[in-house]
>>> print(open('coords38.pdb').read())   # PDB, C-alpha atoms
ATOM      1  CA  MET A   1     120.504  96.920 178.377  1.00  0.00           C
ATOM      2  CA  MET A   2     120.819  94.310 181.089  1.00  0.00           C
ATOM      3  CA  LEU A   3     119.472  96.281 184.047  1.00  0.00           C
ATOM      4  CA  HIS A   4     120.456  95.475 187.589  1.00  0.00           C
ATOM      5  CA  GLN A   5     118.849  97.309 190.512  1.00  0.00           C
ATOM      6  CA  ASP A   6     119.833  97.232 194.157  1.00  0.00           C
ATOM      7  CA  GLY A   7     119.884  99.365 197.263  1.00  0.00           C
ATOM      8  CA  SER A   8     122.598  99.843 199.877  1.00  0.00           C
ATOM      9  CA  ARG A   9     121.939 101.225 203.362  1.00  0.00           C
ATOM     10  CA  PHE A  10     124.688 103.442 204.831  1.00  0.00           C
ATOM     11  CA  ALA A  11     125.258 106.826 206.480  1.00  0.00           C
ATOM     12  CA  TRP A  12     126.139 108.397 203.122  1.00  0.00           C
ATOM     13  CA  LEU A  13     125.967 111.998 204.381  1.00  0.00           C
ATOM     14  CA  GLU A  14     128.010 113.059 207.394  1.00  0.00           C
ATOM     15  CA  GLY A  15     125.859 113.870 210.389  1.00  0.00           C
ATOM     16  CA  GLN A  16     122.717 112.444 208.765  1.00  0.00           C
ATOM     17  CA  PRO A  17     120.855 109.189 209.471  1.00  0.00           C
ATOM     18  CA  GLU A  18     121.393 106.119 207.324  1.00  0.00           C
ATOM     19  CA  LEU A  19     119.736 106.220 203.896  1.00  0.00           C
ATOM     20  CA  ASP A  20     119.317 103.705 201.087  1.00  0.00           C
ATOM     21  CA  LEU A  21     121.188 104.414 197.855  1.00  0.00           C
ATOM     22  CA  ILE A  22     119.116 103.005 194.985  1.00  0.00           C
ATOM     23  CA  VAL A  23     121.201 102.274 191.888  1.00  0.00           C
ATOM     24  CA  THR A  24     119.925 101.033 188.536  1.00  0.00           C
ATOM     25  CA  MET A  25     122.687 100.199 186.116  1.00  0.00           C
ATOM     26  CA  ASP A  26     123.469  98.323 182.924  1.00  0.00           C
ATOM     27  CA  ASP A  27     125.265  95.216 184.118  1.00  0.00           C
ATOM     28  CA  ALA A  28     126.763  94.662 180.664  1.00  0.00           C
ATOM     29  CA  THR A  29     128.505  98.073 180.519  1.00  0.00           C
ATOM     30  CA  SER A  30     128.483  99.217 184.203  1.00  0.00           C
ATOM     31  CA  GLU A  31     126.811 102.462 183.110  1.00  0.00           C
ATOM     32  CA  ILE A  32     124.662 103.927 185.899  1.00  0.00           C
ATOM     33  CA  TYR A  33     121.260 105.071 184.620  1.00  0.00           C
ATOM     34  CA  SER A  34     119.690 106.074 187.939  1.00  0.00           C
ATOM     35  CA  ALA A  35     121.001 106.677 191.465  1.00  0.00           C
ATOM     36  CA  PHE A  36     119.358 108.474 194.375  1.00  0.00           C
ATOM     37  CA  LEU A  37     118.982 108.373 198.156  1.00  0.00           C
ATOM     38  CA  VAL A  38     115.744 107.466 199.946  1.00  0.00           C
ATOM     39  CA  GLU A  39     114.747 106.876 203.550  1.00  0.00           C
ATOM     40  CA  GLU A  40     113.830 103.257 202.829  1.00  0.00           C
ATOM     41  CA  GLU A  41     114.144 101.038 199.761  1.00  0.00           C
ATOM     42  CA  GLY A  42     110.788  99.739 198.583  1.00  0.00           C
ATOM     43  CA  THR A  43     108.251  99.529 195.794  1.00  0.00           C
ATOM     44  CA  ALA A  44     107.986 103.306 195.314  1.00  0.00           C
ATOM     45  CA  SER A  45     111.742 103.777 194.954  1.00  0.00           C
ATOM     46  CA  THR A  46     111.903 100.816 192.563  1.00  0.00           C
ATOM     47  CA  PHE A  47     109.204 102.268 190.313  1.00  0.00           C
ATOM     48  CA  HIS A  48     110.730 105.758 190.508  1.00  0.00           C
ATOM     49  CA  ALA A  49     114.086 104.451 189.286  1.00  0.00           C
ATOM     50  CA  LEU A  50     112.572 102.302 186.542  1.00  0.00           C
ATOM     51  CA  LEU A  51     110.470 105.215 185.291  1.00  0.00           C
ATOM     52  CA  GLU A  52     113.630 107.332 185.039  1.00  0.00           C
ATOM     53  CA  VAL A  53     115.424 104.637 183.053  1.00  0.00           C
ATOM     54  CA  PHE A  54     112.528 103.635 180.790  1.00  0.00           C
ATOM     55  CA  THR A  55     111.625 107.214 179.805  1.00  0.00           C
ATOM     56  CA  THR A  56     115.242 108.121 179.061  1.00  0.00           C
ATOM     57  CA  HIS A  57     116.687 104.895 177.615  1.00  0.00           C
ATOM     58  CA  GLY A  58     113.701 102.722 176.672  1.00  0.00           C
ATOM     59  CA  LEU A  59     112.901  99.200 177.795  1.00  0.00           C
ATOM     60  CA  PRO A  60     115.744  96.859 178.774  1.00  0.00           C
ATOM     61  CA  SER A  61     116.430  93.361 177.504  1.00  0.00           C
ATOM     62  CA  SER A  62     116.407  92.115 181.092  1.00  0.00           C
ATOM     63  CA  LEU A  63     115.957  93.321 184.658  1.00  0.00           C
ATOM     64  CA  TYR A  64     117.198  91.536 187.723  1.00  0.00           C
ATOM     65  CA  THR A  65     117.374  92.290 191.418  1.00  0.00           C
ATOM     66  CA  ASP A  66     118.046  90.612 194.729  1.00  0.00           C
ATOM     67  CA  ARG A  67     115.148  88.827 196.428  1.00  0.00           C
ATOM     68  CA  GLY A  68     114.067  91.820 198.502  1.00  0.00           C
ATOM     69  CA  SER A  69     110.525  91.605 199.838  1.00  0.00           C
ATOM     70  CA  HIS A  70     109.437  94.549 197.675  1.00  0.00           C
ATOM     71  CA  TYR A  71     110.449  92.570 194.567  1.00  0.00           C
ATOM     72  CA  PHE A  72     109.229  89.057 195.408  1.00  0.00           C
ATOM     73  CA  LEU A  73     106.737  87.226 197.569  1.00  0.00           C
ATOM     74  CA  THR A  74     108.564  84.297 199.122  1.00  0.00           C
ATOM     75  CA  ARG A  75     106.285  81.607 200.493  1.00  0.00           C
ATOM     76  CA  THR A  76     107.365  79.693 203.562  1.00  0.00           C
ATOM     77  CA  PRO A  77     106.067  76.333 204.764  1.00  0.00           C
ATOM     78  CA  GLU A  78     104.336  78.187 207.591  1.00  0.00           C
ATOM     79  CA  SER A  79     102.508  80.605 205.291  1.00  0.00           C
ATOM     80  CA  ARG A  80      98.952  79.856 204.281  1.00  0.00           C
ATOM     81  CA  TRP A  81      98.129  79.146 200.667  1.00  0.00           C
ATOM     82  CA  THR A  82      94.719  80.233 199.543  1.00  0.00           C
ATOM     83  CA  LYS A  83      92.918  79.486 196.321  1.00  0.00           C
ATOM     84  CA  GLY A  84      93.971  81.979 193.660  1.00  0.00           C
ATOM     85  CA  ASP A  85      97.416  82.694 195.149  1.00  0.00           C
TER      86      ASP A  85
END
>>> encode(input="coords38.pdb", output="structure tokens")
Amino acid sequence: MMLHQDGSRFAWLEGQPELDLIVTMDDATSEIYSAFLVEEEGTASTFHALLEVFTTHGLPSSLYTDRGSHYFLTRTPESRWTKGD
């Protein structure tokens, strides 16, 4: 499995507010292993999806995502570096 995970914000349900669709799929085969709607994409939705996939299909060979702030800490020149970071 080459897992890819991403979220897409859209008004998926007529008459409802925008929600994030979280999809975790095998990029090698395009098979979708997890897909659900949440109010906001974040760490909890990421772990929820990965738990679904890992318990059903086992551990993947790789996992990749976009550079969303819930996946990565991106330092900027303006940010402060402290010892141990």
>>> closest_residue(input="coords38.pdb", among="A:Ser34, A:Ser61, A:Thr43, A:Thr56", to="Leu21 in chain A", atoms="all atoms listed in the file")
A:Ser34
>>> closest_residue(input="coords38.pdb", among="A:Thr29, A:Gln16, A:Thr24, A:Ser62", to="Ser45 in chain A", atoms="only C-alpha atoms")
A:Thr24
>>> residues_near_point(input="coords38.pdb", point="(119.7, 94.3, 190.1)", cutoff="7 Å", atoms="only C-alpha atoms", output="NGL selection string")
:A and (3-6 or 24 or 63-66)
>>> atom_distance(input="coords38.pdb", atom1="CA of Val53 in chain A", atom2="CA of Val23 in chain A")
10.8 Å
>>> atom_distance(input="coords38.pdb", atom1="CA of Trp12 in chain A", atom2="CA of Glu31 in chain A")
20.9 Å
>>> closest_residue(input="coords38.pdb", among="A:Glu14, A:Gly7, A:Pro60, A:Phe54", to="Glu40 in chain A", atoms="all atoms listed in the file")
A:Gly7
>>> closest_residue(input="coords38.pdb", among="A:Met1, A:Arg75, A:Ala35, A:Ala28", to="Glu52 in chain A", atoms="only C-alpha atoms")
A:Ala35
>>> atom_distance(input="coords38.pdb", atom1="CA of Thr76 in chain A", atom2="CA of Ile22 in chain A")
27.5 Å
>>> resolve_selection(input="coords38.pdb", expression="the PyMOL selection byres ((chain A and resi 10) around 8)", output="list in words")
Ser8, Arg9, Ala11, Trp12, Glu18, Leu19, Asp20 and Leu21 of chain A
>>> build_atoms(input="coords38.pdb", residues="range 2-24 of chain A", atoms="N, CA, C and O atoms", output="short mmCIF file (atom, residue, chain, number, x, y, z; two decimals), in the coordinates of the input")
data_model
loop_
_atom_site.label_atom_id
_atom_site.label_comp_id
_atom_site.auth_asym_id
_atom_site.auth_seq_id
_atom_site.Cartn_x
_atom_site.Cartn_y
_atom_site.Cartn_z
N MET A 2 121.05 95.36 180.10
CA MET A 2 120.82 94.31 181.09
C MET A 2 120.77 95.01 182.44
O MET A 2 121.80 95.18 183.10
N LEU A 3 119.58 95.47 182.84
CA LEU A 3 119.47 96.28 184.05
C LEU A 3 119.61 95.46 185.32
O LEU A 3 119.04 94.38 185.43
N HIS A 4 120.35 96.03 186.24
CA HIS A 4 120.46 95.48 187.59
C HIS A 4 120.09 96.60 188.55
O HIS A 4 120.56 97.73 188.38
N GLN A 5 119.25 96.29 189.54
CA GLN A 5 118.85 97.31 190.51
C GLN A 5 119.07 96.77 191.92
O GLN A 5 118.73 95.62 192.21
N ASP A 6 119.62 97.63 192.77
CA ASP A 6 119.83 97.23 194.16
C ASP A 6 119.94 98.48 195.02
O ASP A 6 120.18 99.58 194.52
N GLY A 7 119.76 98.29 196.30
CA GLY A 7 119.88 99.36 197.26
C GLY A 7 120.90 99.02 198.32
O GLY A 7 121.09 97.85 198.67
N SER A 8 121.60 100.03 198.83
CA SER A 8 122.60 99.84 199.88
C SER A 8 122.36 100.85 200.98
O SER A 8 122.31 102.06 200.72
N ARG A 9 122.19 100.36 202.21
CA ARG A 9 121.94 101.22 203.36
C ARG A 9 123.27 101.61 204.01
O ARG A 9 124.12 100.75 204.28
N PHE A 10 123.44 102.93 204.26
CA PHE A 10 124.69 103.44 204.83
C PHE A 10 124.46 104.89 205.24
O PHE A 10 123.54 105.55 204.75
N ALA A 11 125.30 105.40 206.11
CA ALA A 11 125.26 106.83 206.48
C ALA A 11 126.07 107.58 205.42
O ALA A 11 127.23 107.94 205.63
N TRP A 12 125.46 107.80 204.28
CA TRP A 12 126.14 108.40 203.12
C TRP A 12 126.53 109.85 203.37
O TRP A 12 127.52 110.33 202.82
N LEU A 13 125.74 110.57 204.15
CA LEU A 13 125.97 112.00 204.38
C LEU A 13 126.37 112.22 205.84
O LEU A 13 125.65 111.81 206.76
N GLU A 14 127.50 112.84 206.04
CA GLU A 14 128.01 113.06 207.39
C GLU A 14 126.99 113.79 208.26
O GLU A 14 126.40 114.78 207.85
N GLY A 15 126.78 113.26 209.45
CA GLY A 15 125.86 113.87 210.39
C GLY A 15 124.40 113.60 210.11
O GLY A 15 123.53 114.12 210.80
N GLN A 16 124.09 112.77 209.13
CA GLN A 16 122.72 112.44 208.76
C GLN A 16 122.44 110.97 209.07
O GLN A 16 123.36 110.16 209.15
N PRO A 17 121.17 110.61 209.23
CA PRO A 17 120.86 109.19 209.47
C PRO A 17 121.17 108.33 208.24
O PRO A 17 121.38 108.86 207.14
N GLU A 18 121.17 107.03 208.44
CA GLU A 18 121.39 106.12 207.32
C GLU A 18 120.28 106.26 206.30
O GLU A 18 119.12 106.44 206.64
N LEU A 19 120.67 106.17 205.02
CA LEU A 19 119.74 106.22 203.90
C LEU A 19 120.05 105.07 202.96
O LEU A 19 121.15 104.51 202.98
N ASP A 20 119.10 104.73 202.11
CA ASP A 20 119.32 103.70 201.09
C ASP A 20 119.68 104.38 199.77
O ASP A 20 118.96 105.28 199.31
N LEU A 21 120.79 103.97 199.19
CA LEU A 21 121.19 104.41 197.86
C LEU A 21 120.63 103.41 196.87
O LEU A 21 120.97 102.22 196.90
N ILE A 22 119.74 103.87 195.99
CA ILE A 22 119.12 103.00 194.98
C ILE A 22 119.85 103.23 193.66
O ILE A 22 119.88 104.35 193.15
N VAL A 23 120.44 102.18 193.14
CA VAL A 23 121.20 102.27 191.89
C VAL A 23 120.60 101.33 190.87
O VAL A 23 120.35 100.15 191.16
N THR A 24 120.37 101.84 189.67
CA THR A 24 119.92 101.03 188.54
C THR A 24 120.97 101.22 187.45
O THR A 24 121.23 102.34 187.01
#
